[in-house]
Amino acid sequence: MIERTLILIKPDAVQRGIAGEILARFERTGLKIVGIKMVKASQELAKKHYTDALIPIVGNKTKKDWDAAGIKHTETPEQIGTMIVNSIRQMLTNHPVIALCLEGIQAVENVRKIVGSTGCKDALPGTIRGDYGHVSLGYASIKKRGIANLIHASGNPQEAQQEITLWFAPHELQTYKSAHDEHILHLNDW
């Protein structure tokens with residue numbers, strides 16, 4: 001059940017100088033870096049990564065959050081979603097990101113656990129967002145922008161495959177054995 005997944009260390013993490021710490025967390029769990037590069041994303045890449053299909057999802061969720069918090073607004077879910085998705089795309093294109101392709105057993109699920117909840121205030125201590133995040137979804141919503149939440153991680157194996165092909169050409173991905181591979185491959189020998 002070896003998988004590959006995409007991680008983007010977002011501009012807020014790069015600018016804060018915590019990219020190495022984030023990278024180390026993945027490596028310590030036995031995930032293998034098979035692709036890594038720093039990229040200043042184009043508008044086209046940002047739109048392919050954060051597609052318009054996210055607009056209604058983000059819009060409805062944000063409207064629900066605003067309503068629950070008593071935040072007055074006149075925007076429709078579509079307008080809210082467009083505003084937030086455009087803000088996230090803008091963050092991705094204003095400054096460099098570090099794109100990673102990680103490989104390991106159940107890599108997608110394990111990475112999501114290490115990263116923590118999308119909203120930093122809801123992320124558990126010990127996760128990347130729980131330990132380093134400092135902007136809540138509610139605050140970002142009040143400011144009517146996307147949240148600076150340090151990192152993007154693919155949501156499922158199919159999404160991971162699509163995202164990896166957006167950010168990496170096949171020749172940019174490596175195959176090699178790590179010390180972790182040796183232990184995993186020989187578990188039955190013990």
# chains A, B, ... in the order shown; residues from 1 in each chain; ligands from 1

$ residues_around --residues "stretch 160-164 of chain A" --least-positions-apart "2" --cutoff "9 Å" --atoms "only C-alpha atoms" --output "PyMOL selection string"
chain A and resi 3-7+48-49+100-101+108+153-158+166-169

$ write_last_selection --atoms "N, CA and C atoms" --output "mmCIF file, in the first residue's frame"
data_model
loop_
_atom_site.group_PDB
_atom_site.id
_atom_site.type_symbol
_atom_site.label_atom_id
_atom_site.label_comp_id
_atom_site.auth_asym_id
_atom_site.auth_seq_id
_atom_site.Cartn_x
_atom_site.Cartn_y
_atom_site.Cartn_z
ATOM 1 N N GLU A 3 2.020 4.662 -1.342
ATOM 2 C CA GLU A 3 1.363 5.744 -2.074
ATOM 3 C C GLU A 3 2.306 6.929 -2.186
ATOM 4 N N ARG A 4 1.940 7.795 -3.105
ATOM 5 C CA ARG A 4 2.592 9.101 -3.210
ATOM 6 C C ARG A 4 1.537 10.168 -2.958
ATOM 7 N N THR A 5 1.972 11.279 -2.380
ATOM 8 C CA THR A 5 1.070 12.385 -2.107
ATOM 9 C C THR A 5 1.788 13.706 -2.322
ATOM 10 N N LEU A 6 1.007 14.748 -2.549
ATOM 11 C CA LEU A 6 1.561 16.087 -2.761
ATOM 12 C C LEU A 6 1.394 16.926 -1.510
ATOM 13 N N ILE A 7 2.428 17.644 -1.191
ATOM 14 C CA ILE A 7 2.402 18.616 -0.100
ATOM 15 C C ILE A 7 2.924 19.915 -0.674
ATOM 16 N N LYS A 48 -5.556 25.665 -11.680
ATOM 17 C CA LYS A 48 -5.659 24.218 -11.878
ATOM 18 C C LYS A 48 -5.618 23.483 -10.537
ATOM 19 N N HIS A 49 -4.851 24.035 -9.598
ATOM 20 C CA HIS A 49 -4.748 23.393 -8.280
ATOM 21 C C HIS A 49 -5.999 23.648 -7.447
ATOM 22 N N LEU A 100 6.372 19.302 -2.587
ATOM 23 C CA LEU A 100 6.965 18.026 -2.204
ATOM 24 C C LEU A 100 6.095 16.892 -2.710
ATOM 25 N N CYS A 101 6.745 15.852 -3.169
ATOM 26 C CA CYS A 101 6.053 14.599 -3.405
ATOM 27 C C CYS A 101 6.654 13.617 -2.416
ATOM 28 N N VAL A 108 -1.028 9.338 1.959
ATOM 29 C CA VAL A 108 -2.047 10.393 1.971
ATOM 30 C C VAL A 108 -2.649 10.533 3.370
ATOM 31 N N ALA A 153 -2.099 19.568 1.763
ATOM 32 C CA ALA A 153 -1.861 18.128 1.629
ATOM 33 C C ALA A 153 -3.023 17.518 0.853
ATOM 34 N N SER A 154 -2.709 16.682 -0.097
ATOM 35 C CA SER A 154 -3.748 16.023 -0.900
ATOM 36 C C SER A 154 -4.762 15.337 0.007
ATOM 37 N N GLY A 155 -6.038 15.378 -0.410
ATOM 38 C CA GLY A 155 -7.115 14.846 0.408
ATOM 39 C C GLY A 155 -7.373 13.362 0.273
ATOM 40 N N ASN A 156 -7.021 12.786 -0.860
ATOM 41 C CA ASN A 156 -7.235 11.353 -1.085
ATOM 42 C C ASN A 156 -6.267 10.898 -2.178
ATOM 43 N N PRO A 157 -6.117 9.575 -2.367
ATOM 44 C CA PRO A 157 -5.139 9.095 -3.349
ATOM 45 C C PRO A 157 -5.380 9.582 -4.785
ATOM 46 N N GLN A 158 -6.642 9.688 -5.206
ATOM 47 C CA GLN A 158 -6.929 10.165 -6.563
ATOM 48 C C GLN A 158 -6.523 11.634 -6.711
ATOM 49 N N LEU A 166 0.273 17.926 -11.715
ATOM 50 C CA LEU A 166 0.250 19.385 -11.913
ATOM 51 C C LEU A 166 1.590 20.019 -11.550
ATOM 52 N N TRP A 167 2.186 19.545 -10.475
ATOM 53 C CA TRP A 167 3.357 20.193 -9.906
ATOM 54 C C TRP A 167 4.687 19.570 -10.312
ATOM 55 N N PHE A 168 4.666 18.304 -10.762
ATOM 56 C CA PHE A 168 5.915 17.621 -11.102
ATOM 57 C C PHE A 168 5.809 16.929 -12.458
ATOM 58 N N ALA A 169 6.860 17.062 -13.249
ATOM 59 C CA ALA A 169 7.002 16.260 -14.465
ATOM 60 C C ALA A 169 7.528 14.894 -14.032
#

$ select_by_dssp --residues "stretch 3-93 of chain A" --states "alpha helix (DSSP H)" --output "ChimeraX atom specification"
/A:11-16,19-28,43-49,54-69,77-93

$ residues_around --residues "stretch 41-47 of chain A" --least-positions-apart "2" --cutoff "8 Å" --atoms "only C-alpha atoms" --output "list in words"
Val39, His49, Tyr50, Thr51, Asp52, Arg89, Gln90, Leu92, Thr93, Pro96, Val97 and Leu166 of chain A

$ residues_around --residues "A:His152" --least-positions-apart "4" --cutoff "9 Å" --atoms "only C-alpha atoms" --output "list in words"
Leu6, Ile7, Leu8, Ile9, Lys10, Val115 and Thr118 of chain A

$ residues_around --residues "A:Glu21" --least-positions-apart "3" --cutoff "12 Å" --atoms "only C-alpha atoms" --output "PyMOL selection string"
chain A and resi 9+13-14+16-18+24-28+127-128+131-132+150

$ write_last_selection --atoms "C-alpha atoms" --output "mmCIF file, in the first residue's frame"
data_model
loop_
_atom_site.group_PDB
_atom_site.id
_atom_site.type_symbol
_atom_site.label_atom_id
_atom_site.label_comp_id
_atom_site.auth_asym_id
_atom_site.auth_seq_id
_atom_site.Cartn_x
_atom_site.Cartn_y
_atom_site.Cartn_z
ATOM 1 C CA ILE A 9 4.620 24.235 2.026
ATOM 2 C CA ALA A 13 5.503 28.849 6.192
ATOM 3 C CA VAL A 14 8.319 29.650 3.742
ATOM 4 C CA ARG A 16 8.371 32.368 8.513
ATOM 5 C CA GLY A 17 11.396 30.127 7.980
ATOM 6 C CA ILE A 18 9.757 26.922 9.241
ATOM 7 C CA ALA A 24 11.772 17.134 9.069
ATOM 8 C CA ARG A 25 8.451 16.038 10.572
ATOM 9 C CA PHE A 26 7.593 14.087 7.447
ATOM 10 C CA GLU A 27 11.028 12.515 7.180
ATOM 11 C CA ARG A 28 11.030 11.435 10.843
ATOM 12 C CA THR A 127 0.251 18.486 14.303
ATOM 13 C CA ILE A 128 1.977 20.986 12.032
ATOM 14 C CA ASP A 131 1.971 23.698 16.621
ATOM 15 C CA TYR A 132 2.749 26.465 14.126
ATOM 16 C CA LEU A 150 0.994 26.773 6.337
#

$ residues_around --residues "A:Gly81" --least-positions-apart "6" --cutoff "7 Å" --atoms "only C-alpha atoms" --output "ChimeraX atom specification"
/A:55-56,58-59

$ write_last_selection --atoms "C-alpha atoms" --output "compact mmCIF listing (two decimals), in the first residue's frame"
# COMPACT_ATOMS: atom_id res chain seq x y z
CA ILE A 55 -16.14 27.72 -4.92
CA PRO A 56 -19.53 26.29 -3.80
CA VAL A 58 -15.89 26.92 0.36
CA GLY A 59 -18.77 29.38 -0.09

$ residues_around --residues "A:Ser117" --least-positions-apart "3" --cutoff "12 Å" --atoms "only C-alpha atoms" --output "list in words"
Val111, Arg112, Lys113, Ile114, Cys120, Lys121, Asp122, Ala123, Leu124, Pro125, Gly126, Thr127, Ile128, Arg129, Gly130, Asp131, Gly133, Ser136, Leu137, Asn149, Leu150, Ile151, His152, Ala153 and Gly155 of chain A

$ atom_distance --atom1 "atom CA of A:Val85" --atom2 "atom CA of A:Glu109"
24.1 Å

$ closest_residue --among "A:Ala99, A:Ala19, A:Ile36, A:Leu31" --to "A:Ile2" --atoms "only C-alpha atoms"
A:Leu31

$ select_by_dssp --residues "stretch 48-178 of chain A" --states "strand (DSSP E or B)" --output "list in words"
Val97, Ile98, Ala99, Leu100, Cys101, Leu102, Glu103, Gly104, Ile105, Ile151, His152 and Ala153 of chain A

$ write_last_selection --atoms "N, CA and C atoms" --output "mmCIF file, in the first residue's frame"
data_model
loop_
_atom_site.group_PDB
_atom_site.id
_atom_site.type_symbol
_atom_site.label_atom_id
_atom_site.label_comp_id
_atom_site.auth_asym_id
_atom_site.auth_seq_id
_atom_site.Cartn_x
_atom_site.Cartn_y
_atom_site.Cartn_z
ATOM 1 N N VAL A 97 6.376 28.725 -3.080
ATOM 2 C CA VAL A 97 5.962 27.575 -2.276
ATOM 3 C C VAL A 97 7.006 26.484 -2.485
ATOM 4 N N ILE A 98 7.059 25.551 -1.541
ATOM 5 C CA ILE A 98 7.906 24.379 -1.722
ATOM 6 C C ILE A 98 6.972 23.213 -1.989
ATOM 7 N N ALA A 99 7.109 22.650 -3.173
ATOM 8 C CA ALA A 99 6.288 21.504 -3.568
ATOM 9 C C ALA A 99 7.061 20.227 -3.250
ATOM 10 N N LEU A 100 6.372 19.302 -2.587
ATOM 11 C CA LEU A 100 6.965 18.026 -2.204
ATOM 12 C C LEU A 100 6.095 16.892 -2.710
ATOM 13 N N CYS A 101 6.745 15.852 -3.169
ATOM 14 C CA CYS A 101 6.053 14.599 -3.405
ATOM 15 C C CYS A 101 6.654 13.617 -2.416
ATOM 16 N N LEU A 102 5.822 13.104 -1.535
ATOM 17 C CA LEU A 102 6.258 12.155 -0.520
ATOM 18 C C LEU A 102 5.710 10.775 -0.850
ATOM 19 N N GLU A 103 6.466 9.750 -0.460
ATOM 20 C CA GLU A 103 6.070 8.377 -0.713
ATOM 21 C C GLU A 103 6.169 7.587 0.585
ATOM 22 N N GLY A 104 5.203 6.696 0.769
ATOM 23 C CA GLY A 104 5.233 5.841 1.942
ATOM 24 C C GLY A 104 3.963 5.029 2.058
ATOM 25 N N ILE A 105 3.910 4.191 3.072
ATOM 26 C CA ILE A 105 2.722 3.389 3.321
ATOM 27 C C ILE A 105 1.595 4.325 3.740
ATOM 28 N N ILE A 151 0.240 24.892 4.984
ATOM 29 C CA ILE A 151 0.542 23.702 4.185
ATOM 30 C C ILE A 151 -0.705 23.196 3.468
ATOM 31 N N HIS A 152 -0.493 22.625 2.304
ATOM 32 C CA HIS A 152 -1.561 21.917 1.601
ATOM 33 C C HIS A 152 -1.153 20.456 1.543
ATOM 34 N N ALA A 153 -2.099 19.568 1.763
ATOM 35 C CA ALA A 153 -1.861 18.128 1.629
ATOM 36 C C ALA A 153 -3.023 17.518 0.853
#

$ closest_residue --among "A:Asn60, A:Met91, A:Gly119, A:Pro170" --to "A:Pro11" --atoms "only C-alpha atoms"
A:Met91

$ atom_distance --atom1 "atom CA of A:Val34" --atom2 "atom CA of A:Leu173"
5.4 Å

$ atom_distance --atom1 "atom CA of A:Asp12" --atom2 "atom CA of A:Gln79"
25.1 Å
